[in-house]
file final.cif (mmCIF, N, CA and C atoms)
data_entry
#
loop_
_atom_site.label_atom_id
_atom_site.label_comp_id
_atom_site.auth_asym_id
_atom_site.auth_seq_id
_atom_site.Cartn_x
_atom_site.Cartn_y
_atom_site.Cartn_z
N MET Y 659 91.17 106.74 100.73
CA MET Y 659 90.50 105.55 101.23
C MET Y 659 90.30 105.72 102.72
N LYS Y 660 89.06 105.84 103.12
CA LYS Y 660 88.76 106.01 104.53
C LYS Y 660 88.63 104.66 105.24
N ASN Y 661 88.24 103.64 104.49
CA ASN Y 661 87.98 102.35 105.09
C ASN Y 661 88.23 101.26 104.03
N PRO Y 662 89.02 100.25 104.35
CA PRO Y 662 89.30 99.21 103.36
C PRO Y 662 88.04 98.43 102.94
N LEU Y 663 86.96 98.57 103.69
CA LEU Y 663 85.72 97.89 103.34
C LEU Y 663 84.77 98.78 102.56
N ASP Y 664 85.20 100.01 102.27
CA ASP Y 664 84.39 100.95 101.50
C ASP Y 664 84.02 100.30 100.17
N PRO Y 665 82.75 100.31 99.78
CA PRO Y 665 82.34 99.66 98.53
C PRO Y 665 83.04 100.23 97.29
N ARG Y 666 83.35 101.51 97.30
CA ARG Y 666 84.06 102.10 96.15
C ARG Y 666 85.47 101.54 96.06
N HIS Y 667 86.12 101.36 97.21
CA HIS Y 667 87.46 100.78 97.21
C HIS Y 667 87.40 99.32 96.75
N LYS Y 668 86.43 98.58 97.24
CA LYS Y 668 86.28 97.18 96.83
C LYS Y 668 86.05 97.07 95.32
N ARG Y 669 85.24 97.99 94.75
CA ARG Y 669 84.99 98.00 93.31
C ARG Y 669 86.29 98.26 92.56
N ARG Y 670 87.06 99.22 93.04
CA ARG Y 670 88.34 99.52 92.38
C ARG Y 670 89.30 98.33 92.47
N GLN Y 671 89.31 97.65 93.60
CA GLN Y 671 90.17 96.46 93.73
C GLN Y 671 89.80 95.43 92.66
N LYS Y 672 88.51 95.19 92.49
CA LYS Y 672 88.05 94.19 91.52
C LYS Y 672 88.41 94.62 90.10
N LEU Y 673 88.27 95.91 89.81
CA LEU Y 673 88.62 96.41 88.47
C LEU Y 673 90.11 96.27 88.20
N VAL Y 674 90.95 96.58 89.18
CA VAL Y 674 92.39 96.43 89.00
C VAL Y 674 92.73 94.96 88.77
N GLU Y 675 92.11 94.08 89.52
CA GLU Y 675 92.35 92.65 89.34
C GLU Y 675 91.94 92.20 87.93
N ASP Y 676 90.78 92.67 87.46
CA ASP Y 676 90.33 92.32 86.10
C ASP Y 676 91.31 92.84 85.05
N LEU Y 677 91.70 94.10 85.19
CA LEU Y 677 92.62 94.69 84.21
C LEU Y 677 93.96 93.95 84.20
N PHE Y 678 94.43 93.56 85.37
CA PHE Y 678 95.68 92.81 85.47
C PHE Y 678 95.54 91.44 84.79
N LYS Y 679 94.47 90.74 85.08
CA LYS Y 679 94.27 89.40 84.51
C LYS Y 679 94.20 89.43 82.99
N LEU Y 680 93.60 90.50 82.45
CA LEU Y 680 93.47 90.61 81.00
C LEU Y 680 94.81 90.70 80.30
N GLU Y 681 95.85 91.10 81.01
CA GLU Y 681 97.18 91.16 80.41
C GLU Y 681 97.70 89.77 80.05
N PHE Y 682 97.16 88.75 80.68
CA PHE Y 682 97.68 87.40 80.51
C PHE Y 682 96.75 86.46 79.76
N HIS Y 683 95.45 86.65 79.90
CA HIS Y 683 94.51 85.80 79.17
C HIS Y 683 93.12 86.42 79.14
N ARG Y 684 92.37 86.02 78.14
CA ARG Y 684 90.99 86.51 78.01
C ARG Y 684 90.12 85.82 79.04
N GLN Y 685 89.17 86.55 79.54
CA GLN Y 685 88.28 86.00 80.56
C GLN Y 685 87.04 86.86 80.61
N ARG Y 686 86.09 86.44 81.39
CA ARG Y 686 84.91 87.27 81.64
C ARG Y 686 85.32 88.38 82.59
N VAL Y 687 84.86 89.57 82.27
CA VAL Y 687 85.23 90.71 83.11
C VAL Y 687 83.99 91.54 83.43
N LEU Y 688 84.15 92.42 84.40
CA LEU Y 688 83.08 93.33 84.77
C LEU Y 688 82.77 94.28 83.62
N PRO Y 689 81.53 94.73 83.51
CA PRO Y 689 81.19 95.70 82.46
C PRO Y 689 82.06 96.96 82.52
N GLU Y 690 82.40 97.39 83.72
CA GLU Y 690 83.25 98.58 83.86
C GLU Y 690 84.64 98.32 83.28
N THR Y 691 85.13 97.12 83.43
CA THR Y 691 86.44 96.77 82.87
C THR Y 691 86.39 96.88 81.35
N LYS Y 692 85.29 96.44 80.75
CA LYS Y 692 85.15 96.54 79.30
C LYS Y 692 85.18 98.01 78.86
N LEU Y 693 84.58 98.90 79.63
CA LEU Y 693 84.61 100.33 79.30
C LEU Y 693 86.04 100.86 79.32
N ILE Y 694 86.78 100.45 80.32
CA ILE Y 694 88.17 100.90 80.42
C ILE Y 694 88.97 100.38 79.22
N ILE Y 695 88.81 99.11 78.91
CA ILE Y 695 89.55 98.51 77.78
C ILE Y 695 89.14 99.15 76.46
N SER Y 696 87.87 99.52 76.33
CA SER Y 696 87.44 100.15 75.07
C SER Y 696 88.09 101.53 74.88
N ASN Y 697 88.59 102.11 75.95
CA ASN Y 697 89.28 103.41 75.89
C ASN Y 697 90.79 103.27 76.08
N LYS Y 698 91.29 102.06 75.95
CA LYS Y 698 92.69 101.75 76.24
C LYS Y 698 93.67 102.60 75.43
N GLU Y 699 93.38 102.84 74.15
CA GLU Y 699 94.29 103.61 73.31
C GLU Y 699 94.46 105.03 73.85
N LEU Y 700 93.36 105.69 74.17
CA LEU Y 700 93.41 107.04 74.73
C LEU Y 700 94.10 107.05 76.09
N ILE Y 701 93.76 106.08 76.92
CA ILE Y 701 94.35 105.97 78.26
C ILE Y 701 95.86 105.78 78.16
N ASP Y 702 96.28 104.83 77.32
CA ASP Y 702 97.71 104.54 77.19
C ASP Y 702 98.49 105.72 76.62
N LYS Y 703 97.89 106.47 75.69
CA LYS Y 703 98.56 107.66 75.15
C LYS Y 703 98.81 108.67 76.27
N ASN Y 704 97.85 108.83 77.16
CA ASN Y 704 98.02 109.75 78.28
C ASN Y 704 99.09 109.27 79.25
N ILE Y 705 99.14 107.97 79.47
CA ILE Y 705 100.17 107.41 80.35
C ILE Y 705 101.54 107.63 79.71
N GLU Y 706 101.68 107.34 78.43
CA GLU Y 706 102.95 107.52 77.73
C GLU Y 706 103.40 108.98 77.75
N LYS Y 707 102.46 109.90 77.58
CA LYS Y 707 102.79 111.32 77.59
C LYS Y 707 103.23 111.77 78.99
N SER Y 708 102.66 111.17 80.00
CA SER Y 708 102.96 111.57 81.38
C SER Y 708 104.17 110.86 81.97
N ALA Y 709 104.58 109.76 81.35
CA ALA Y 709 105.76 109.02 81.82
C ALA Y 709 106.57 108.58 80.60
N PRO Y 710 107.12 109.55 79.84
CA PRO Y 710 107.79 109.20 78.58
C PRO Y 710 109.00 108.29 78.74
N GLU Y 711 109.61 108.29 79.91
CA GLU Y 711 110.78 107.44 80.12
C GLU Y 711 110.39 105.98 80.42
N PHE Y 712 109.09 105.71 80.53
CA PHE Y 712 108.60 104.36 80.82
C PHE Y 712 107.62 103.92 79.73
N PRO Y 713 108.11 103.22 78.69
CA PRO Y 713 107.19 102.72 77.66
C PRO Y 713 106.15 101.79 78.29
N ILE Y 714 104.96 101.79 77.72
CA ILE Y 714 103.85 100.97 78.25
C ILE Y 714 104.28 99.52 78.46
N ASP Y 715 105.00 98.95 77.51
CA ASP Y 715 105.38 97.54 77.63
C ASP Y 715 106.44 97.28 78.70
N LYS Y 716 107.01 98.35 79.28
CA LYS Y 716 108.01 98.18 80.33
C LYS Y 716 107.45 98.47 81.73
N ILE Y 717 106.22 98.99 81.80
CA ILE Y 717 105.62 99.29 83.10
C ILE Y 717 105.13 98.00 83.72
N ASN Y 718 105.40 97.86 85.01
CA ASN Y 718 104.91 96.71 85.78
C ASN Y 718 103.42 96.54 85.51
N ARG Y 719 102.97 95.32 85.26
CA ARG Y 719 101.57 95.05 84.87
C ARG Y 719 100.57 95.48 85.94
N VAL Y 720 100.92 95.33 87.20
CA VAL Y 720 100.01 95.77 88.27
C VAL Y 720 99.91 97.29 88.25
N ASP Y 721 101.05 97.97 88.15
CA ASP Y 721 101.04 99.43 88.09
C ASP Y 721 100.24 99.91 86.88
N LEU Y 722 100.39 99.23 85.76
CA LEU Y 722 99.67 99.61 84.55
C LEU Y 722 98.16 99.46 84.73
N ALA Y 723 97.74 98.39 85.37
CA ALA Y 723 96.31 98.19 85.63
C ALA Y 723 95.76 99.32 86.51
N ILE Y 724 96.51 99.68 87.54
CA ILE Y 724 96.09 100.76 88.44
C ILE Y 724 96.04 102.08 87.68
N LEU Y 725 97.06 102.34 86.87
CA LEU Y 725 97.10 103.58 86.09
C LEU Y 725 95.93 103.63 85.10
N ARG Y 726 95.65 102.54 84.43
CA ARG Y 726 94.55 102.54 83.46
C ARG Y 726 93.22 102.85 84.14
N LEU Y 727 92.98 102.26 85.28
CA LEU Y 727 91.76 102.55 86.02
C LEU Y 727 91.71 104.02 86.42
N ALA Y 728 92.78 104.51 86.99
CA ALA Y 728 92.80 105.89 87.48
C ALA Y 728 92.68 106.90 86.33
N VAL Y 729 93.37 106.66 85.22
CA VAL Y 729 93.28 107.57 84.08
C VAL Y 729 91.86 107.55 83.51
N TYR Y 730 91.26 106.39 83.45
CA TYR Y 730 89.86 106.29 83.01
C TYR Y 730 88.97 107.13 83.92
N GLU Y 731 89.15 106.99 85.22
CA GLU Y 731 88.32 107.75 86.17
C GLU Y 731 88.59 109.25 86.06
N LEU Y 732 89.85 109.63 85.85
CA LEU Y 732 90.21 111.05 85.76
C LEU Y 732 89.71 111.72 84.49
N LEU Y 733 89.91 111.07 83.35
CA LEU Y 733 89.69 111.72 82.06
C LEU Y 733 88.37 111.38 81.39
N ILE Y 734 87.80 110.24 81.70
CA ILE Y 734 86.60 109.80 80.99
C ILE Y 734 85.38 109.77 81.91
N GLU Y 735 85.49 109.05 83.01
CA GLU Y 735 84.34 108.90 83.91
C GLU Y 735 84.03 110.20 84.67
N LYS Y 736 85.05 110.80 85.24
CA LYS Y 736 84.95 112.10 85.93
C LYS Y 736 83.83 112.17 86.98
N LYS Y 737 83.67 111.09 87.76
CA LYS Y 737 82.65 111.08 88.82
C LYS Y 737 83.20 111.51 90.17
N GLN Y 738 84.50 111.38 90.37
CA GLN Y 738 85.13 111.70 91.65
C GLN Y 738 86.11 112.85 91.45
N PRO Y 739 86.38 113.61 92.51
CA PRO Y 739 87.42 114.64 92.41
C PRO Y 739 88.78 114.00 92.13
N PRO Y 740 89.64 114.68 91.38
CA PRO Y 740 90.96 114.12 91.06
C PRO Y 740 91.74 113.67 92.31
N LYS Y 741 91.68 114.44 93.38
CA LYS Y 741 92.41 114.07 94.60
C LYS Y 741 91.97 112.70 95.12
N VAL Y 742 90.68 112.43 95.09
CA VAL Y 742 90.16 111.14 95.55
C VAL Y 742 90.68 110.01 94.66
N ILE Y 743 90.65 110.23 93.36
CA ILE Y 743 91.10 109.21 92.41
C ILE Y 743 92.59 108.91 92.61
N VAL Y 744 93.39 109.95 92.75
CA VAL Y 744 94.84 109.76 92.95
C VAL Y 744 95.09 109.06 94.29
N ASP Y 745 94.42 109.50 95.35
CA ASP Y 745 94.60 108.86 96.66
C ASP Y 745 94.25 107.37 96.60
N GLU Y 746 93.15 107.05 95.94
CA GLU Y 746 92.74 105.65 95.82
C GLU Y 746 93.77 104.85 95.01
N ALA Y 747 94.26 105.44 93.94
CA ALA Y 747 95.25 104.74 93.11
C ALA Y 747 96.53 104.47 93.91
N VAL Y 748 96.95 105.43 94.70
CA VAL Y 748 98.14 105.25 95.54
C VAL Y 748 97.90 104.15 96.57
N GLU Y 749 96.70 104.13 97.15
CA GLU Y 749 96.37 103.06 98.11
C GLU Y 749 96.39 101.69 97.44
N LEU Y 750 95.84 101.61 96.23
CA LEU Y 750 95.88 100.34 95.49
C LEU Y 750 97.31 99.94 95.19
N ALA Y 751 98.15 100.91 94.86
CA ALA Y 751 99.56 100.63 94.60
C ALA Y 751 100.26 100.10 95.85
N LYS Y 752 99.89 100.62 97.02
CA LYS Y 752 100.46 100.11 98.27
C LYS Y 752 100.02 98.67 98.52
N GLU Y 753 98.78 98.35 98.16
CA GLU Y 753 98.25 97.01 98.38
C GLU Y 753 98.80 95.99 97.39
N TYR Y 754 98.86 96.38 96.10
CA TYR Y 754 99.17 95.42 95.05
C TYR Y 754 100.56 95.57 94.44
N GLY Y 755 101.12 96.75 94.49
CA GLY Y 755 102.37 97.02 93.78
C GLY Y 755 103.61 96.78 94.61
N GLY Y 756 104.73 97.20 94.05
CA GLY Y 756 106.02 97.08 94.72
C GLY Y 756 106.33 98.32 95.54
N ASP Y 757 107.56 98.37 96.04
CA ASP Y 757 107.98 99.47 96.92
C ASP Y 757 107.91 100.83 96.24
N THR Y 758 108.21 100.89 94.96
CA THR Y 758 108.23 102.18 94.26
C THR Y 758 106.90 102.50 93.57
N SER Y 759 105.97 101.56 93.60
CA SER Y 759 104.70 101.75 92.89
C SER Y 759 103.91 102.98 93.35
N PRO Y 760 103.73 103.20 94.66
CA PRO Y 760 102.93 104.36 95.07
C PRO Y 760 103.48 105.69 94.55
N SER Y 761 104.79 105.89 94.64
CA SER Y 761 105.35 107.17 94.16
C SER Y 761 105.29 107.26 92.64
N PHE Y 762 105.49 106.15 91.94
CA PHE Y 762 105.40 106.14 90.49
C PHE Y 762 103.98 106.50 90.05
N ILE Y 763 102.99 105.84 90.63
CA ILE Y 763 101.58 106.09 90.30
C ILE Y 763 101.23 107.55 90.59
N ASN Y 764 101.63 108.03 91.74
CA ASN Y 764 101.35 109.41 92.13
C ASN Y 764 101.95 110.40 91.13
N GLY Y 765 103.19 110.16 90.73
CA GLY Y 765 103.86 111.05 89.78
C GLY Y 765 103.19 111.06 88.41
N VAL Y 766 102.87 109.89 87.89
CA VAL Y 766 102.23 109.81 86.57
C VAL Y 766 100.87 110.50 86.60
N LEU Y 767 100.08 110.21 87.62
CA LEU Y 767 98.75 110.81 87.69
C LEU Y 767 98.82 112.31 87.92
N GLY Y 768 99.81 112.75 88.69
CA GLY Y 768 100.01 114.19 88.87
C GLY Y 768 100.29 114.87 87.55
N ASN Y 769 101.12 114.27 86.71
CA ASN Y 769 101.40 114.80 85.38
C ASN Y 769 100.15 114.83 84.50
N ILE Y 770 99.35 113.79 84.60
CA ILE Y 770 98.12 113.72 83.79
C ILE Y 770 97.18 114.85 84.19
N ILE Y 771 97.07 115.10 85.47
CA ILE Y 771 96.18 116.19 85.93
C ILE Y 771 96.69 117.53 85.41
N VAL Y 772 97.99 117.73 85.47
CA VAL Y 772 98.58 118.99 84.97
C VAL Y 772 98.32 119.13 83.47
N TYR Y 773 98.58 118.07 82.69
CA TYR Y 773 98.36 118.11 81.23
C TYR Y 773 96.88 118.33 80.91
N ASP Y 774 96.00 117.69 81.66
CA ASP Y 774 94.56 117.80 81.41
C ASP Y 774 94.08 119.24 81.66
N LYS Y 775 94.59 119.87 82.71
CA LYS Y 775 94.20 121.25 83.02
C LYS Y 775 94.72 122.23 81.98
N SER Y 776 95.87 121.92 81.40
CA SER Y 776 96.46 122.84 80.43
C SER Y 776 95.87 122.67 79.02
N SER Y 777 95.08 121.61 78.82
CA SER Y 777 94.51 121.41 77.48
C SER Y 777 93.27 122.25 77.26
#

call {"tool": "encode", "arguments": {"input": "final.cif", "output": "structure tokens"}}
result
Amino acid sequence: MKNPLDPRHKRRQKLVEDLFKLEFHRQRVLPETKLIISNKELIDKNIEKSAPEFPIDKINRVDLAILRLAVYELLIEKKQPPKVIVDEAVELAKEYGGDTSPSFINGVLGNIIVYDKSS
């Protein structure tokens, strides 16, 4: 993230907010959020494989929203280099998550990149 006003960062913030809100109630969401949710099973399997000691239902909801967005961008959308996606996810974790969120997000996404390259 070069600038907090960067339109790509703002888009990611909105997507994380949408994904987080969906955990609690149905609402209108961005079309991109619907794409992420439509791939939720694949995304969640990758998260579970990369963080086996943290079941999906035990992951902080904000961290999970950030991970779902980042995994979608890494494995499905593939428009940005992995380093950019991970850096953005860590920045979002610093903004929205707890003290351990940035390192947790970084570790999970690092594992996903390793698993993806080895497949």

call {"tool": "resolve_selection", "arguments": {"input": "final.cif", "expression": "the PyMOL selection byres ((chain Y and resi 669-676) around 8)", "output": "number ranges by chain"}}
result
Y: 663-668, 677-681, 686-688, 690-691, 720, 722-725, 727, 750

call {"tool": "atom_distance", "arguments": {"input": "final.cif", "atom1": "atom C of Gly765 in chain Y", "atom2": "atom C of Asn704 in chain Y"}}
result
10.2 Å

call {"tool": "select_by_dssp", "arguments": {"input": "final.cif", "residues": "chain Y", "states": "alpha helix (DSSP H)", "output": "NGL selection string"}}
result
:Y and (665-680 or 689-696 or 698-708 or 719-730 or 740-754 or 759-776)

call {"tool": "residues_around", "arguments": {"input": "final.cif", "residues": "Tyr773 in chain Y", "least_positions_apart": "2", "cutoff": "12 Å", "atoms": "only C-alpha atoms", "output": "CSV table (one decimal) with N, CA and C atoms, in the coordinates of the input"}}
result
chain,number,residue,atom,x,y,z
Y,704,ASN,N,97.8,108.8,77.2
Y,704,ASN,CA,98.0,109.8,78.3
Y,704,ASN,C,99.1,109.3,79.2
Y,705,ILE,N,99.1,108.0,79.5
Y,705,ILE,CA,100.2,107.4,80.4
Y,705,ILE,C,101.5,107.6,79.7
Y,707,LYS,N,102.5,109.9,77.6
Y,707,LYS,CA,102.8,111.3,77.6
Y,707,LYS,C,103.2,111.8,79.0
Y,708,SER,N,102.7,111.2,80.0
Y,708,SER,CA,103.0,111.6,81.4
Y,708,SER,C,104.2,110.9,82.0
Y,709,ALA,N,104.6,109.8,81.4
Y,709,ALA,CA,105.8,109.0,81.8
Y,709,ALA,C,106.6,108.6,80.6
Y,732,LEU,N,89.8,109.6,85.8
Y,732,LEU,CA,90.2,111.0,85.8
Y,732,LEU,C,89.7,111.7,84.5
Y,733,LEU,N,89.9,111.1,83.4
Y,733,LEU,CA,89.7,111.7,82.1
Y,733,LEU,C,88.4,111.4,81.4
Y,766,VAL,N,102.9,109.9,87.9
Y,766,VAL,CA,102.2,109.8,86.6
Y,766,VAL,C,100.9,110.5,86.6
Y,767,LEU,N,100.1,110.2,87.6
Y,767,LEU,CA,98.8,110.8,87.7
Y,767,LEU,C,98.8,112.3,87.9
Y,768,GLY,N,99.8,112.8,88.7
Y,768,GLY,CA,100.0,114.2,88.9
Y,768,GLY,C,100.3,114.9,87.6
Y,769,ASN,N,101.1,114.3,86.7
Y,769,ASN,CA,101.4,114.8,85.4
Y,769,ASN,C,100.2,114.8,84.5
Y,770,ILE,N,99.4,113.8,84.6
Y,770,ILE,CA,98.1,113.7,83.8
Y,770,ILE,C,97.2,114.8,84.2
Y,771,ILE,N,97.1,115.1,85.5
Y,771,ILE,CA,96.2,116.2,85.9
Y,771,ILE,C,96.7,117.5,85.4
Y,775,LYS,N,94.6,119.9,82.7
Y,775,LYS,CA,94.2,121.2,83.0
Y,775,LYS,C,94.7,122.2,82.0
Y,776,SER,N,95.9,121.9,81.4
Y,776,SER,CA,96.5,122.8,80.4
Y,776,SER,C,95.9,122.7,79.0
Y,777,SER,N,95.1,121.6,78.8
Y,777,SER,CA,94.5,121.4,77.5
Y,777,SER,C,93.3,122.2,77.3

call {"tool": "atom_distance", "arguments": {"input": "final.cif", "atom1": "CA of Glu699 in chain Y", "atom2": "atom N of Gln685 in chain Y"}}
result
18.9 Å

call {"tool": "resolve_selection", "arguments": {"input": "final.cif", "expression": "the PyMOL selection byres (((chain Y and resi 746 and name CA) around 10) and name CA)", "output": "list in words"}}
result
Met659, Lys660, Arg666, His667, Arg670, Gln671, Ile724, Ala728, Pro740, Lys741, Val742, Ile743, Val744, Asp745, Ala747, Val748, Glu749, Leu750, Ala751 and Lys752 of chain Y

call {"tool": "atom_distance", "arguments": {"input": "final.cif", "atom1": "CA of Ser759 in chain Y", "atom2": "atom N of Asp721 in chain Y"}}
result
7.1 Å

call {"tool": "closest_residue", "arguments": {"input": "final.cif", "among": "Y:Ser696, Y:Val729, Y:Gln738, Y:Asn718", "to": "Gly755 in chain Y", "atoms": "only C-alpha atoms"}}
result
Y:Asn718

call {"tool": "closest_residue", "arguments": {"input": "final.cif", "among": "Y:Glu711, Y:Asn764, Y:Val772, Y:Tyr730", "to": "Leu693 in chain Y", "atoms": "all atoms listed in the file"}}
result
Y:Tyr730

call {"tool": "decode", "arguments": {"input": "final.cif", "residues": "range 724-747 of chain Y", "atoms": "N, CA and C atoms", "output": "tab-separated table (two decimals), in the first residue's frame"}}
result
chain	number	residue	atom	x	y	z
Y	724	ILE	N	-10.43	-10.88	5.56
Y	724	ILE	CA	-9.20	-10.45	4.87
Y	724	ILE	C	-8.58	-11.64	4.14
Y	725	LEU	N	-8.53	-12.79	4.80
Y	725	LEU	CA	-7.98	-13.99	4.17
Y	725	LEU	C	-8.79	-14.41	2.94
Y	726	ARG	N	-10.10	-14.37	3.05
Y	726	ARG	CA	-10.93	-14.77	1.91
Y	726	ARG	C	-10.68	-13.86	0.71
Y	727	LEU	N	-10.60	-12.57	0.94
Y	727	LEU	CA	-10.30	-11.65	-0.15
Y	727	LEU	C	-8.93	-11.95	-0.75
Y	728	ALA	N	-7.94	-12.08	0.08
Y	728	ALA	CA	-6.57	-12.30	-0.40
Y	728	ALA	C	-6.43	-13.63	-1.14
Y	729	VAL	N	-7.04	-14.69	-0.61
Y	729	VAL	CA	-6.96	-15.99	-1.27
Y	729	VAL	C	-7.68	-15.94	-2.61
Y	730	TYR	N	-8.80	-15.26	-2.66
Y	730	TYR	CA	-9.50	-15.07	-3.93
Y	730	TYR	C	-8.59	-14.36	-4.94
Y	731	GLU	N	-7.95	-13.29	-4.50
Y	731	GLU	CA	-7.06	-12.55	-5.40
Y	731	GLU	C	-5.85	-13.39	-5.82
Y	732	LEU	N	-5.32	-14.19	-4.90
Y	732	LEU	CA	-4.14	-15.01	-5.20
Y	732	LEU	C	-4.45	-16.17	-6.14
Y	733	LEU	N	-5.52	-16.90	-5.87
Y	733	LEU	CA	-5.77	-18.16	-6.57
Y	733	LEU	C	-6.77	-18.08	-7.70
Y	734	ILE	N	-7.67	-17.12	-7.67
Y	734	ILE	CA	-8.73	-17.07	-8.67
Y	734	ILE	C	-8.59	-15.86	-9.58
Y	735	GLU	N	-8.54	-14.68	-9.00
Y	735	GLU	CA	-8.48	-13.46	-9.80
Y	735	GLU	C	-7.13	-13.29	-10.50
Y	736	LYS	N	-6.05	-13.45	-9.77
Y	736	LYS	CA	-4.68	-13.42	-10.29
Y	736	LYS	C	-4.36	-12.18	-11.14
Y	737	LYS	N	-4.83	-11.01	-10.69
Y	737	LYS	CA	-4.55	-9.76	-11.41
Y	737	LYS	C	-3.32	-9.03	-10.89
Y	738	GLN	N	-2.96	-9.29	-9.64
Y	738	GLN	CA	-1.83	-8.61	-9.00
Y	738	GLN	C	-0.76	-9.63	-8.66
Y	739	PRO	N	0.50	-9.19	-8.56
Y	739	PRO	CA	1.54	-10.11	-8.10
Y	739	PRO	C	1.26	-10.54	-6.66
Y	740	PRO	N	1.63	-11.78	-6.31
Y	740	PRO	CA	1.38	-12.27	-4.94
Y	740	PRO	C	1.92	-11.34	-3.86
Y	741	LYS	N	3.09	-10.77	-4.06
Y	741	LYS	CA	3.67	-9.87	-3.05
Y	741	LYS	C	2.74	-8.68	-2.77
Y	742	VAL	N	2.15	-8.12	-3.80
Y	742	VAL	CA	1.24	-6.99	-3.64
Y	742	VAL	C	0.00	-7.41	-2.84
Y	743	ILE	N	-0.53	-8.57	-3.19
Y	743	ILE	CA	-1.74	-9.07	-2.50
Y	743	ILE	C	-1.45	-9.32	-1.02
Y	744	VAL	N	-0.33	-9.95	-0.73
Y	744	VAL	CA	0.03	-10.22	0.67
Y	744	VAL	C	0.27	-8.92	1.42
Y	745	ASP	N	1.02	-8.00	0.82
Y	745	ASP	CA	1.27	-6.70	1.46
Y	745	ASP	C	-0.04	-5.97	1.78
Y	746	GLU	N	-0.96	-5.97	0.82
Y	746	GLU	CA	-2.25	-5.31	1.04
Y	746	GLU	C	-3.03	-6.00	2.16
Y	747	ALA	N	-3.01	-7.32	2.17
Y	747	ALA	CA	-3.74	-8.06	3.21
Y	747	ALA	C	-3.17	-7.74	4.59
